[in-house]
file final-v5.cif (mmCIF, C-alpha atoms)
data_final
loop_
_atom_site.label_atom_id
_atom_site.label_comp_id
_atom_site.auth_asym_id
_atom_site.auth_seq_id
_atom_site.Cartn_x
_atom_site.Cartn_y
_atom_site.Cartn_z
CA MET A 1 -35.40 209.08 153.71
CA SER A 2 -34.03 212.09 151.87
CA PHE A 3 -35.69 215.45 151.24
CA GLU A 4 -33.25 216.38 148.50
CA LYS A 5 -34.59 217.08 145.03
CA ASN A 6 -34.90 213.88 143.01
CA ASP A 7 -34.45 214.42 139.28
CA LEU A 8 -36.39 211.28 138.31
CA HIS A 9 -39.34 212.30 140.44
CA GLU A 10 -39.31 215.82 139.04
CA ASP A 11 -39.24 214.42 135.51
CA ILE A 12 -42.21 212.21 136.31
CA ARG A 13 -44.17 215.16 137.69
CA ARG A 14 -43.47 217.32 134.63
CA ALA A 15 -44.32 214.55 132.20
CA VAL A 16 -47.62 213.73 133.88
CA ARG A 17 -48.59 217.41 134.09
CA ASP A 18 -47.87 217.82 130.39
CA MET A 19 -49.90 214.72 129.58
CA MET A 20 -52.86 215.99 131.60
CA GLU A 21 -53.11 219.39 129.90
CA PRO A 22 -55.74 218.30 127.32
CA PHE A 23 -57.83 216.69 130.06
CA ASP A 24 -59.06 219.74 131.92
CA ASP A 25 -61.85 220.15 134.46
CA ASN A 26 -64.47 220.46 131.73
CA TYR A 27 -63.41 217.10 130.29
CA TRP A 28 -63.95 215.43 133.66
CA MET A 29 -67.21 217.26 134.33
CA GLU A 30 -68.57 216.08 130.97
CA HIS A 31 -67.56 212.47 131.57
CA ASP A 32 -68.89 212.54 135.12
CA ASN A 33 -72.22 213.83 133.83
CA SER A 34 -72.43 211.43 130.88
CA HIS A 35 -71.14 208.39 132.81
CA GLU A 36 -68.83 207.76 129.86
CA PHE A 37 -65.51 205.98 130.38
CA PRO A 38 -62.59 208.36 129.60
CA TRP A 39 -60.99 206.38 126.78
CA GLU A 40 -58.94 209.29 125.41
CA PHE A 41 -57.34 209.79 128.80
CA TYR A 42 -56.81 206.07 129.35
CA ASN A 43 -55.09 205.71 125.97
CA ALA A 44 -52.86 208.72 126.69
CA VAL A 45 -51.73 207.17 129.99
CA ALA A 46 -50.96 203.90 128.19
CA LYS A 47 -49.08 205.71 125.41
CA GLN A 48 -46.86 207.46 127.98
CA GLY A 49 -46.04 204.13 129.63
CA TRP A 50 -47.47 204.91 133.05
CA LEU A 51 -49.73 201.84 133.12
CA GLY A 52 -46.72 199.56 133.38
CA ILE A 53 -44.69 201.68 135.78
CA THR A 54 -44.52 198.98 138.49
CA ILE A 55 -44.39 195.99 136.13
CA PRO A 56 -40.90 194.40 136.16
CA GLU A 57 -38.71 195.37 133.22
CA GLU A 58 -38.44 191.76 132.08
CA TYR A 59 -42.15 191.92 131.19
CA GLY A 60 -41.88 195.27 129.41
CA GLY A 61 -42.72 197.52 132.35
CA GLY A 62 -40.96 200.39 134.03
CA GLY A 63 -39.70 198.42 137.01
CA LEU A 64 -40.20 201.37 139.37
CA GLY A 65 -41.56 201.42 142.90
CA VAL A 66 -44.63 202.51 144.79
CA THR A 67 -43.08 205.95 145.36
CA GLU A 68 -43.00 206.65 141.63
CA ALA A 69 -46.46 205.15 141.03
CA ALA A 70 -47.83 207.36 143.81
CA ILE A 71 -46.34 210.47 142.20
CA VAL A 72 -48.09 209.61 138.93
CA GLU A 73 -51.40 209.11 140.73
CA GLN A 74 -51.16 212.36 142.70
CA GLU A 75 -50.34 214.42 139.62
CA ILE A 76 -53.20 212.86 137.66
CA SER A 77 -55.59 213.65 140.50
CA ALA A 78 -54.20 217.15 141.15
CA SER A 79 -54.76 218.15 137.53
CA GLY A 80 -58.49 218.08 138.27
CA GLY A 81 -59.04 214.50 137.17
CA GLY A 82 -59.56 213.33 140.74
CA MET A 83 -61.06 209.90 141.23
CA ASN A 84 -62.63 209.74 137.76
CA ALA A 85 -59.12 209.78 136.32
CA CYS A 86 -57.35 207.74 138.99
CA SER A 87 -59.92 204.96 139.03
CA ALA A 88 -59.69 204.60 135.27
CA VAL A 89 -55.98 203.72 135.45
CA HIS A 90 -55.30 202.71 139.06
CA ILE A 91 -55.21 198.98 138.43
CA GLY A 92 -52.83 199.37 135.50
CA ILE A 93 -50.52 201.56 137.55
CA PHE A 94 -50.40 199.23 140.51
CA GLY A 95 -53.11 196.57 140.64
CA PHE A 96 -51.11 193.63 139.26
CA ASP A 97 -49.01 193.42 142.41
CA PRO A 98 -50.58 190.10 143.58
CA ILE A 99 -49.59 188.47 140.29
CA ILE A 100 -46.10 190.00 140.38
CA ARG A 101 -45.53 188.77 143.95
CA HIS A 102 -47.44 185.49 143.98
CA GLY A 103 -48.29 184.47 140.42
CA SER A 104 -46.68 181.53 138.66
CA ASP A 105 -44.12 182.15 135.92
CA ASP A 106 -46.71 181.01 133.41
CA LEU A 107 -49.30 183.49 134.71
CA LYS A 108 -46.79 186.32 134.61
CA GLN A 109 -45.65 185.45 131.07
CA ARG A 110 -49.21 185.28 129.79
CA PHE A 111 -50.50 188.54 131.23
CA LEU A 112 -47.91 191.02 132.52
CA PRO A 113 -46.56 191.97 129.05
CA ARG A 114 -50.06 193.13 128.12
CA VAL A 115 -50.30 195.65 130.96
CA PRO A 116 -48.05 198.50 129.71
CA SER A 117 -49.91 198.76 126.39
CA GLY A 118 -53.24 199.20 128.16
CA ASP A 119 -54.58 196.14 126.39
CA LEU A 120 -55.49 194.20 129.54
CA HIS A 121 -58.37 195.54 131.64
CA ILE A 122 -59.08 193.86 134.97
CA SER A 123 -61.09 194.39 138.15
CA PHE A 124 -60.58 193.54 141.80
CA ALA A 125 -63.46 191.33 142.97
CA VAL A 126 -63.11 190.94 146.74
CA THR A 127 -65.95 192.73 148.57
CA GLU A 128 -69.30 191.00 149.05
CA PRO A 129 -72.75 192.33 150.05
CA ASP A 130 -72.87 190.41 153.34
CA ALA A 131 -69.18 190.65 154.25
CA GLY A 132 -68.14 194.26 153.59
CA THR A 133 -64.85 195.05 155.30
CA ASP A 134 -64.81 191.60 156.93
CA THR A 135 -63.01 189.92 154.05
CA THR A 136 -62.80 186.63 155.96
CA GLY A 137 -66.61 186.51 155.87
CA ILE A 138 -66.87 186.08 152.10
CA THR A 139 -69.00 183.18 150.91
CA THR A 140 -68.36 183.10 147.14
CA PHE A 141 -67.26 179.51 146.76
CA ALA A 142 -65.04 177.66 144.29
CA ARG A 143 -65.65 173.93 144.14
CA GLU A 144 -62.87 171.84 142.70
CA VAL A 145 -63.56 170.13 139.35
CA ASP A 146 -61.39 168.47 136.75
CA GLY A 147 -58.78 171.00 135.62
CA GLY A 148 -59.83 173.82 137.89
CA TYR A 149 -62.77 175.26 139.81
CA ARG A 150 -66.40 176.23 139.37
CA VAL A 151 -67.25 179.48 141.15
CA SER A 152 -70.62 180.80 142.32
CA GLY A 153 -71.41 183.81 144.48
CA LYS A 154 -71.83 187.58 144.59
CA LYS A 155 -69.43 190.53 144.64
CA VAL A 156 -70.16 194.22 145.09
CA TRP A 157 -68.45 197.60 144.52
CA ILE A 158 -66.45 196.19 141.60
CA THR A 159 -64.82 198.97 139.60
CA LYS A 160 -64.47 198.77 135.81
CA ALA A 161 -66.23 195.40 135.55
CA GLN A 162 -67.87 196.55 132.32
CA GLN A 163 -64.47 197.01 130.66
CA ALA A 164 -62.64 194.15 132.38
CA GLU A 165 -61.48 191.05 130.57
CA ARG A 166 -60.49 189.36 133.84
CA MET A 167 -60.75 189.88 137.57
CA LEU A 168 -58.65 189.12 140.60
CA LEU A 169 -61.36 187.11 142.31
CA LEU A 170 -61.09 186.16 145.98
CA VAL A 171 -63.12 183.05 146.82
CA ARG A 172 -63.44 180.42 149.47
CA THR A 173 -62.17 176.97 148.61
CA THR A 174 -62.85 175.84 152.18
CA LYS A 175 -65.78 177.09 154.21
CA ARG A 176 -64.88 179.40 157.07
CA GLU A 177 -66.34 177.09 159.71
CA ASP A 178 -64.06 174.29 158.51
CA CYS A 179 -60.84 176.34 158.88
CA ALA A 180 -58.59 176.52 161.93
CA LYS A 181 -58.02 180.23 161.26
CA ARG A 182 -60.61 182.53 159.73
CA THR A 183 -58.02 183.80 157.23
CA ASP A 184 -57.43 180.28 155.91
CA GLY A 185 -59.35 178.61 153.12
CA MET A 186 -59.48 181.54 150.71
CA THR A 187 -57.95 181.40 147.24
CA LEU A 188 -57.16 184.15 144.74
CA LEU A 189 -58.11 183.44 141.14
CA PHE A 190 -57.41 185.38 137.96
CA ALA A 191 -60.78 184.63 136.46
CA GLU A 192 -62.30 185.52 133.11
CA MET A 193 -65.20 187.98 133.13
CA ASP A 194 -67.27 185.47 131.16
CA PRO A 195 -70.68 187.04 130.31
CA GLU A 196 -72.24 183.58 130.15
CA HIS A 197 -71.53 183.09 133.84
CA VAL A 198 -71.06 186.62 135.25
CA GLN A 199 -73.95 189.06 135.32
CA ILE A 200 -72.89 192.69 135.79
CA ARG A 201 -75.27 195.24 137.28
CA GLU A 202 -74.14 198.86 137.60
CA ILE A 203 -74.62 200.67 140.92
CA PRO A 204 -75.87 204.29 140.68
CA LYS A 205 -73.66 206.40 142.94
CA MET A 206 -72.88 209.84 144.29
CA GLY A 207 -69.79 210.58 142.24
CA ARG A 208 -66.87 209.26 140.18
CA ASN A 209 -69.38 208.46 137.50
CA ALA A 210 -66.97 208.29 134.54
CA VAL A 211 -65.90 204.91 135.90
CA ASN A 212 -68.56 202.30 136.54
CA THR A 213 -69.05 200.47 139.84
CA ASN A 214 -70.95 197.21 139.82
CA GLU A 215 -72.48 194.18 141.46
CA LEU A 216 -71.41 190.80 140.07
CA PHE A 217 -73.59 187.71 140.13
CA ILE A 218 -71.37 184.70 139.43
CA ASP A 219 -72.94 181.39 138.45
CA ASP A 220 -70.83 178.29 137.82
CA LEU A 221 -67.86 180.21 136.37
CA PHE A 222 -64.96 177.95 135.38
CA VAL A 223 -61.43 178.99 136.39
CA ALA A 224 -58.50 176.82 135.32
CA ASP A 225 -55.84 175.60 137.74
CA ALA A 226 -53.32 177.65 135.75
CA ASP A 227 -55.17 180.82 136.75
CA VAL A 228 -54.77 180.38 140.51
CA VAL A 229 -52.66 183.19 142.01
CA GLY A 230 -50.35 181.84 144.71
CA GLU A 231 -51.27 178.88 146.91
CA VAL A 232 -54.73 177.37 147.14
CA GLY A 233 -56.15 178.29 150.54
CA LYS A 234 -53.65 181.14 150.99
CA GLY A 235 -55.43 183.82 148.98
CA PHE A 236 -55.74 186.16 151.95
CA LYS A 237 -51.93 186.37 152.06
CA ALA A 238 -51.80 187.18 148.35
CA ILE A 239 -54.30 190.01 148.80
CA LEU A 240 -52.64 191.37 151.96
CA ALA A 241 -49.28 191.75 150.24
CA GLY A 242 -50.53 194.70 148.24
CA LEU A 243 -52.75 196.44 150.77
CA ASN A 244 -50.13 198.85 152.15
CA ALA A 245 -49.11 199.90 148.66
CA GLU A 246 -52.75 200.38 147.69
CA ARG A 247 -53.27 202.65 150.69
CA ILE A 248 -50.21 204.70 149.81
CA ILE A 249 -51.31 205.18 146.21
CA ALA A 250 -54.92 205.88 147.21
CA SER A 251 -53.63 208.47 149.68
CA ASN A 252 -51.87 210.25 146.86
CA ALA A 253 -55.08 210.32 144.84
CA ALA A 254 -56.74 211.98 147.84
CA LEU A 255 -53.91 214.50 148.21
CA GLY A 256 -54.26 215.36 144.54
CA ILE A 257 -57.95 216.16 144.95
CA GLY A 258 -57.11 218.36 147.92
CA ARG A 259 -54.46 220.24 145.98
CA ALA A 260 -56.79 220.78 143.02
CA ALA A 261 -59.41 222.14 145.39
CA ILE A 262 -56.99 224.54 147.10
CA ARG A 263 -55.63 225.72 143.75
CA ARG A 264 -59.11 226.60 142.47
CA ALA A 265 -60.24 228.15 145.74
CA THR A 266 -57.13 230.31 146.04
CA ALA A 267 -57.51 231.60 142.49
CA TYR A 268 -61.17 232.39 143.13
CA ALA A 269 -60.36 234.15 146.43
CA LYS A 270 -57.93 236.43 144.57
CA GLU A 271 -60.38 237.27 141.79
CA ARG A 272 -63.75 237.47 143.55
CA VAL A 273 -64.40 241.03 144.76
CA VAL A 274 -67.08 241.68 147.39
CA PHE A 275 -67.47 244.90 149.41
CA GLY A 276 -64.77 246.47 147.26
CA ARG A 277 -61.96 243.98 147.99
CA PRO A 278 -60.87 240.43 147.04
CA ILE A 279 -62.47 237.95 149.41
CA GLY A 280 -59.05 236.38 149.97
CA GLN A 281 -58.07 239.54 151.83
CA ASN A 282 -60.45 238.49 154.61
CA GLN A 283 -58.94 236.24 157.25
CA GLY A 284 -62.22 234.32 157.42
CA VAL A 285 -61.48 233.14 153.89
CA ALA A 286 -57.68 233.08 153.94
CA PHE A 287 -57.10 231.20 157.19
CA PRO A 288 -59.18 228.09 156.34
CA LEU A 289 -57.30 227.83 153.04
CA ALA A 290 -53.96 228.13 154.83
CA GLU A 291 -54.97 225.49 157.36
CA ALA A 292 -56.15 223.14 154.61
CA LEU A 293 -52.79 223.53 152.88
CA MET A 294 -50.93 222.67 156.09
CA ARG A 295 -53.03 219.54 156.58
CA LEU A 296 -52.27 218.37 153.04
CA ASP A 297 -48.55 218.96 153.44
CA ALA A 298 -48.44 217.17 156.81
CA ALA A 299 -50.37 214.18 155.45
CA GLU A 300 -48.05 213.96 152.47
CA LEU A 301 -45.03 213.64 154.76
CA MET A 302 -46.53 210.56 156.39
CA VAL A 303 -47.55 209.07 153.05
CA ASN A 304 -44.07 209.66 151.61
CA LYS A 305 -42.50 207.98 154.64
CA ALA A 306 -44.75 204.95 154.13
CA ALA A 307 -43.77 204.74 150.45
CA TRP A 308 -40.08 204.98 151.27
CA LEU A 309 -40.34 202.24 153.88
CA LEU A 310 -42.23 199.95 151.52
CA ASP A 311 -39.84 200.47 148.61
CA ASN A 312 -36.92 199.76 150.95
CA GLY A 313 -38.39 196.51 152.21
CA GLN A 314 -39.24 197.73 155.69
CA PRO A 315 -42.51 197.32 157.63
CA CYS A 316 -44.90 200.16 156.92
CA GLY A 317 -48.35 199.10 158.14
CA ARG A 318 -48.45 201.84 160.76
CA GLU A 319 -47.36 204.58 158.35
CA ALA A 320 -49.49 203.41 155.41
CA ASN A 321 -52.62 203.35 157.52
CA MET A 322 -51.88 206.66 159.23
CA GLY A 323 -51.09 208.23 155.87
CA LYS A 324 -54.38 207.03 154.42
CA PHE A 325 -56.37 208.43 157.35
CA LEU A 326 -54.58 211.78 157.34
CA ALA A 327 -54.68 212.20 153.55
CA ALA A 328 -58.39 211.37 153.33
CA ASP A 329 -59.25 213.85 156.08
CA ALA A 330 -56.98 216.54 154.64
CA ALA A 331 -58.46 216.13 151.16
CA PHE A 332 -62.03 216.34 152.44
CA LYS A 333 -61.16 219.40 154.53
CA ALA A 334 -59.60 221.08 151.48
CA ALA A 335 -62.58 220.28 149.27
CA ASP A 336 -65.02 221.54 151.90
CA VAL A 337 -63.06 224.78 152.35
CA ALA A 338 -62.90 225.24 148.57
CA LEU A 339 -66.66 224.85 148.28
CA GLN A 340 -67.20 227.29 151.16
CA THR A 341 -64.81 229.81 149.57
CA HIS A 342 -66.94 229.80 146.43
CA GLY A 343 -70.11 230.36 148.45
CA GLY A 344 -73.27 229.62 146.47
CA TYR A 345 -71.24 229.16 143.29
CA GLY A 346 -69.45 226.27 144.92
CA PHE A 347 -72.70 224.34 145.03
CA GLY A 348 -73.03 224.62 141.26
CA LYS A 349 -71.06 222.58 138.73
CA GLU A 350 -69.47 225.48 136.85
CA PHE A 351 -66.52 225.89 139.23
CA HIS A 352 -65.92 222.12 139.65
CA VAL A 353 -65.36 222.18 143.40
CA GLU A 354 -68.62 220.31 144.05
CA ARG A 355 -67.13 217.40 142.08
CA TYR A 356 -63.94 217.57 144.16
CA PHE A 357 -66.11 217.54 147.29
CA ARG A 358 -67.99 214.41 146.20
CA GLU A 359 -64.83 212.59 145.21
CA ALA A 360 -62.89 213.59 148.32
CA ARG A 361 -65.69 212.17 150.46
CA LEU A 362 -65.14 208.77 148.85
CA LYS A 363 -61.57 208.64 150.17
CA ARG A 364 -62.81 208.50 153.76
CA ILE A 365 -64.51 205.20 152.87
CA ALA A 366 -62.21 203.52 150.36
CA PRO A 367 -59.99 201.58 150.03
CA ILE A 368 -60.41 201.24 153.81
CA SER A 369 -62.66 203.26 156.06
CA GLN A 370 -61.29 205.70 158.61
CA GLU A 371 -62.82 203.58 161.38
CA MET A 372 -60.97 200.45 160.24
CA VAL A 373 -57.70 202.40 160.22
CA LEU A 374 -58.34 203.32 163.83
CA ASN A 375 -59.11 199.68 164.59
CA TYR A 376 -55.77 198.67 163.04
CA LEU A 377 -53.78 201.26 164.98
CA SER A 378 -55.57 200.51 168.25
CA GLU A 379 -54.82 196.80 168.01
CA HIS A 380 -51.53 196.52 166.15
CA VAL A 381 -49.75 199.72 167.24
CA LEU A 382 -51.15 200.45 170.70
CA GLY A 383 -51.65 196.80 171.61
CA LEU A 384 -55.25 197.25 172.75
CA PRO A 385 -57.74 194.34 172.65
CA ARG A 386 -59.30 193.62 169.26
CA SER A 387 -62.71 195.32 169.00
CA TYR A 388 -64.18 193.50 166.00
#

call {"tool": "encode", "arguments": {"input": "final-v5.cif", "output": "structure tokens"}}
result
Amino acid sequence: MSFEKNDLHEDIRRAVRDMMEPFDDNYWMEHDNSHEFPWEFYNAVAKQGWLGITIPEEYGGGGLGVTEAAIVEQEISASGGGMNACSAVHIGIFGFDPIIRHGSDDLKQRFLPRVPSGDLHISFAVTEPDAGTDTTGITTFAREVDGGYRVSGKKVWITKAQQAERMLLLVRTTKREDCAKRTDGMTLLFAEMDPEHVQIREIPKMGRNAVNTNELFIDDLFVADADVVGEVGKGFKAILAGLNAERIIASNAALGIGRAAIRRATAYAKERVVFGRPIGQNQGVAFPLAEALMRLDAAELMVNKAAWLLDNGQPCGREANMGKFLAADAAFKAADVALQTHGGYGFGKEFHVERYFREARLKRIAPISQEMVLNYLSEHVLGLPRSY
């Protein structure tokens, strides 16, 4: 892993920063308040080609790695867009990895060329109300019929379902009690979001309101055999393949929020005069900002190591999970310090740090909770007995 300046990465950073200039904090505050999807931003990302950055070149994409996708995501977030921006484009930047790695040639030919243009909107439909983090506990079931499957069940916390044409839908094709291993018997489908068979109900939530989050009620939805991703009964493997990359990219979204928060708080600390001097002259204000910066920089080193390992075909579960934990905590610390620096004004919307605070808090829950990271490290790194 090299720390030398990388011209491609610098070019990506400059290009994304230039693209984000029209989409300032006020743009994101307005969309967060109105719960309106940020179409202008989404179309700008598509126009610049970032949506297809990890799609293989043979399908019209950029053919780049997780490292480059993560840079795009961090710069989008750090501009002030935070999770409202990242969640609007995250799946296009990276989310087709299960199809790239496990999809049939036919599935790839039919759908991957549509990704770079921004034409194809999809959702991940994995989590269920009664399963939560225990993915093996899902009960949404696909019964085999002539030419495919009929699916019924429920999913929850499904992002962008209201815009999605299709969803990467994890189902059971064999009940858990009938499987030798609890991870067996699940199948990944690239299913249509058919309104005749899928009811979408939006979930009111604390933040990131420019992008909808939903419950899905699926009733007898048909999915053709041609839309199975990977092997029947091996869907857990297809989902797992992309989890480390998802954690790396999500970590960069968190780091971006933290950097936006520190940038705003530092500027405010220089300008705000109380008792005849800038508040940033006081160590009680300056030191927490300096510590927050250190935490962000340290977390980024771990996240960058994880990305390098993944792009070079080496195991990175330890680093990807550690990076996610550290980045989420560092981002929340930075957002909290930024709010505190602003005092009472930080609690209002005018200075935007309250939005950073709400969005940074999300990163300690998703895409995996801090507690589940600790479970992973305890079991798989330290070798301690499984606790769940």

call {"tool": "atom_distance", "arguments": {"input": "final-v5.cif", "atom1": "CA of Gly95 (chain A)", "atom2": "CA of Gly63 (chain A)"}}
result
14.0 Å

call {"tool": "residues_near_point", "arguments": {"input": "final-v5.cif", "point": "(-60.9, 192.6, 130.3)", "cutoff": "12 Å", "atoms": "only C-alpha atoms", "output": "ChimeraX atom specification"}}
result
/A:91-92,111,114-115,118-124,159-168,190-195

call {"tool": "write_last_selection", "arguments": {"input": "final-v5.cif", "atoms": "C-alpha atoms", "output": "tab-separated table (two decimals), keeping the file's coordinate frame"}}
result
chain	number	residue	atom	x	y	z
A	91	ILE	CA	-55.21	198.98	138.43
A	92	GLY	CA	-52.83	199.37	135.50
A	111	PHE	CA	-50.50	188.54	131.23
A	114	ARG	CA	-50.06	193.13	128.12
A	115	VAL	CA	-50.30	195.65	130.96
A	118	GLY	CA	-53.24	199.20	128.16
A	119	ASP	CA	-54.58	196.14	126.39
A	120	LEU	CA	-55.49	194.20	129.54
A	121	HIS	CA	-58.37	195.54	131.64
A	122	ILE	CA	-59.08	193.86	134.97
A	123	SER	CA	-61.09	194.39	138.15
A	124	PHE	CA	-60.58	193.54	141.80
A	159	THR	CA	-64.82	198.97	139.60
A	160	LYS	CA	-64.47	198.77	135.81
A	161	ALA	CA	-66.23	195.40	135.55
A	162	GLN	CA	-67.87	196.55	132.32
A	163	GLN	CA	-64.47	197.01	130.66
A	164	ALA	CA	-62.64	194.15	132.38
A	165	GLU	CA	-61.48	191.05	130.57
A	166	ARG	CA	-60.49	189.36	133.84
A	167	MET	CA	-60.75	189.88	137.57
A	168	LEU	CA	-58.65	189.12	140.60
A	190	PHE	CA	-57.41	185.38	137.96
A	191	ALA	CA	-60.78	184.63	136.46
A	192	GLU	CA	-62.30	185.52	133.11
A	193	MET	CA	-65.20	187.98	133.13
A	194	ASP	CA	-67.27	185.47	131.16
A	195	PRO	CA	-70.68	187.04	130.31

call {"tool": "resolve_selection", "arguments": {"input": "final-v5.cif", "expression": "the PyMOL selection byres ((chain A and resi 189) around 10)", "output": "MDAnalysis selection string"}}
result
chainID A and resid 99 103 125 142 149 151 166:171 186:188 190:192 223:230 232 235

call {"tool": "write_last_selection", "arguments": {"input": "final-v5.cif", "atoms": "C-alpha atoms", "output": "JSON list (two decimals), in the frame of the given file"}}
result
[["chain", "number", "residue", "atom", "x", "y", "z"],
["A", 99, "ILE", "CA", -49.59, 188.47, 140.29],
["A", 103, "GLY", "CA", -48.29, 184.47, 140.42],
["A", 125, "ALA", "CA", -63.46, 191.33, 142.97],
["A", 142, "ALA", "CA", -65.04, 177.66, 144.29],
["A", 149, "TYR", "CA", -62.77, 175.26, 139.81],
["A", 151, "VAL", "CA", -67.25, 179.48, 141.15],
["A", 166, "ARG", "CA", -60.49, 189.36, 133.84],
["A", 167, "MET", "CA", -60.75, 189.88, 137.57],
["A", 168, "LEU", "CA", -58.65, 189.12, 140.60],
["A", 169, "LEU", "CA", -61.36, 187.11, 142.31],
["A", 170, "LEU", "CA", -61.09, 186.16, 145.98],
["A", 171, "VAL", "CA", -63.12, 183.05, 146.82],
["A", 186, "MET", "CA", -59.48, 181.54, 150.71],
["A", 187, "THR", "CA", -57.95, 181.40, 147.24],
["A", 188, "LEU", "CA", -57.16, 184.15, 144.74],
["A", 190, "PHE", "CA", -57.41, 185.38, 137.96],
["A", 191, "ALA", "CA", -60.78, 184.63, 136.46],
["A", 192, "GLU", "CA", -62.30, 185.52, 133.11],
["A", 223, "VAL", "CA", -61.43, 178.99, 136.39],
["A", 224, "ALA", "CA", -58.50, 176.82, 135.32],
["A", 225, "ASP", "CA", -55.84, 175.60, 137.74],
["A", 226, "ALA", "CA", -53.32, 177.65, 135.75],
["A", 227, "ASP", "CA", -55.17, 180.82, 136.75],
["A", 228, "VAL", "CA", -54.77, 180.38, 140.51],
["A", 229, "VAL", "CA", -52.66, 183.19, 142.01],
["A", 230, "GLY", "CA", -50.35, 181.84, 144.71],
["A", 232, "VAL", "CA", -54.73, 177.37, 147.14],
["A", 235, "GLY", "CA", -55.43, 183.82, 148.98]]

call {"tool": "resolve_selection", "arguments": {"input": "final-v5.cif", "expression": "the PyMOL selection byres ((chain A and resi 300) around 9)", "output": "CSV table (one decimal) with C-alpha atoms, in the coordinates of the input"}}
result
chain,number,residue,atom,x,y,z
A,251,SER,CA,-53.6,208.5,149.7
A,252,ASN,CA,-51.9,210.2,146.9
A,255,LEU,CA,-53.9,214.5,148.2
A,295,ARG,CA,-53.0,219.5,156.6
A,296,LEU,CA,-52.3,218.4,153.0
A,297,ASP,CA,-48.6,219.0,153.4
A,298,ALA,CA,-48.4,217.2,156.8
A,299,ALA,CA,-50.4,214.2,155.4
A,301,LEU,CA,-45.0,213.6,154.8
A,302,MET,CA,-46.5,210.6,156.4
A,303,VAL,CA,-47.6,209.1,153.0
A,304,ASN,CA,-44.1,209.7,151.6
A,305,LYS,CA,-42.5,208.0,154.6
A,323,GLY,CA,-51.1,208.2,155.9
A,326,LEU,CA,-54.6,211.8,157.3
A,327,ALA,CA,-54.7,212.2,153.6

call {"tool": "resolve_selection", "arguments": {"input": "final-v5.cif", "expression": "the PyMOL selection byres ((chain A and resi 212) around 12)", "output": "NGL selection string"}}
result
:A and (31-32 or 34-38 or 83-84 or 87-88 or 123 or 156-164 or 200-211 or 213-215)

call {"tool": "residues_around", "arguments": {"input": "final-v5.cif", "residues": "region 41-58 of chain A", "least_positions_apart": "2", "cutoff": "10 Å", "atoms": "all atoms listed in the file", "output": "PyMOL selection string"}}
result
chain A and resi 12+15-16+19-20+22-23+27-28+37-39+60-69+72-73+76+81+85-86+88-97+100+109+112-119

call {"tool": "atom_distance", "arguments": {"input": "final-v5.cif", "atom1": "CA of Asp336 (chain A)", "atom2": "CA of Ala260 (chain A)"}}
result
12.1 Å

call {"tool": "closest_residue", "arguments": {"input": "final-v5.cif", "among": "A:Asn312, A:Ile257, A:Arg272, A:Lys181", "to": "Arg355 (chain A)", "atoms": "all atoms listed in the file"}}
result
A:Ile257

call {"tool": "atom_distance", "arguments": {"input": "final-v5.cif", "atom1": "CA of Lys155 (chain A)", "atom2": "CA of Cys179 (chain A)"}}
result
21.9 Å

call {"tool": "residues_around", "arguments": {"input": "final-v5.cif", "residues": "region 372-377 of chain A", "least_positions_apart": "4", "cutoff": "10 Å", "atoms": "only C-alpha atoms", "output": "PyMOL selection string"}}
result
chain A and resi 133+317-325+365+368+381-388

call {"tool": "closest_residue", "arguments": {"input": "final-v5.cif", "among": "A:Val274, A:Val126, A:Ala307, A:Leu293", "to": "Leu240 (chain A)", "atoms": "all atoms listed in the file"}}
result
A:Val126

call {"tool": "closest_residue", "arguments": {"input": "final-v5.cif", "among": "A:Ala78, A:Leu243, A:Asp184, A:Tyr59", "to": "Lys108 (chain A)", "atoms": "all atoms listed in the file"}}
result
A:Tyr59

call {"tool": "closest_residue", "arguments": {"input": "final-v5.cif", "among": "A:Asn244, A:Ser152, A:Thr174, A:Ser79", "to": "Gly137 (chain A)", "atoms": "only C-alpha atoms"}}
result
A:Thr174

call {"tool": "closest_residue", "arguments": {"input": "final-v5.cif", "among": "A:Glu4, A:Glu291, A:Asp329, A:Glu350", "to": "Glu30 (chain A)", "atoms": "all atoms listed in the file"}}
result
A:Glu350

call {"tool": "residues_near_point", "arguments": {"input": "final-v5.cif", "point": "(-72.3, 184.6, 135.1)", "cutoff": "7 Å", "atoms": "all atoms listed in the file", "output": "JSON list (two decimals) with C-alpha atoms, in the frame of the given file"}}
result
[["chain", "number", "residue", "atom", "x", "y", "z"],
["A", 194, "ASP", "CA", -67.27, 185.47, 131.16],
["A", 195, "PRO", "CA", -70.68, 187.04, 130.31],
["A", 196, "GLU", "CA", -72.24, 183.58, 130.15],
["A", 197, "HIS", "CA", -71.53, 183.09, 133.84],
["A", 198, "VAL", "CA", -71.06, 186.62, 135.25],
["A", 199, "GLN", "CA", -73.95, 189.06, 135.32],
["A", 217, "PHE", "CA", -73.59, 187.71, 140.13],
["A", 218, "ILE", "CA", -71.37, 184.70, 139.43],
["A", 219, "ASP", "CA", -72.94, 181.39, 138.45],
["A", 221, "LEU", "CA", -67.86, 180.21, 136.37]]

call {"tool": "closest_residue", "arguments": {"input": "final-v5.cif", "among": "A:Ala265, A:Gly284, A:Phe275, A:Leu362", "to": "Ala334 (chain A)", "atoms": "all atoms listed in the file"}}
result
A:Ala265

call {"tool": "axis_aligned_box", "arguments": {"input": "final-v5.cif", "around": "region 271-279 of chain A", "padding_each_side": "3 Å", "output": "JSON"}}
result
{"center_x": -63.9, "center_y": 241.9, "center_z": 145.6, "size_x": 13.1, "size_y": 15.2, "size_z": 13.6}
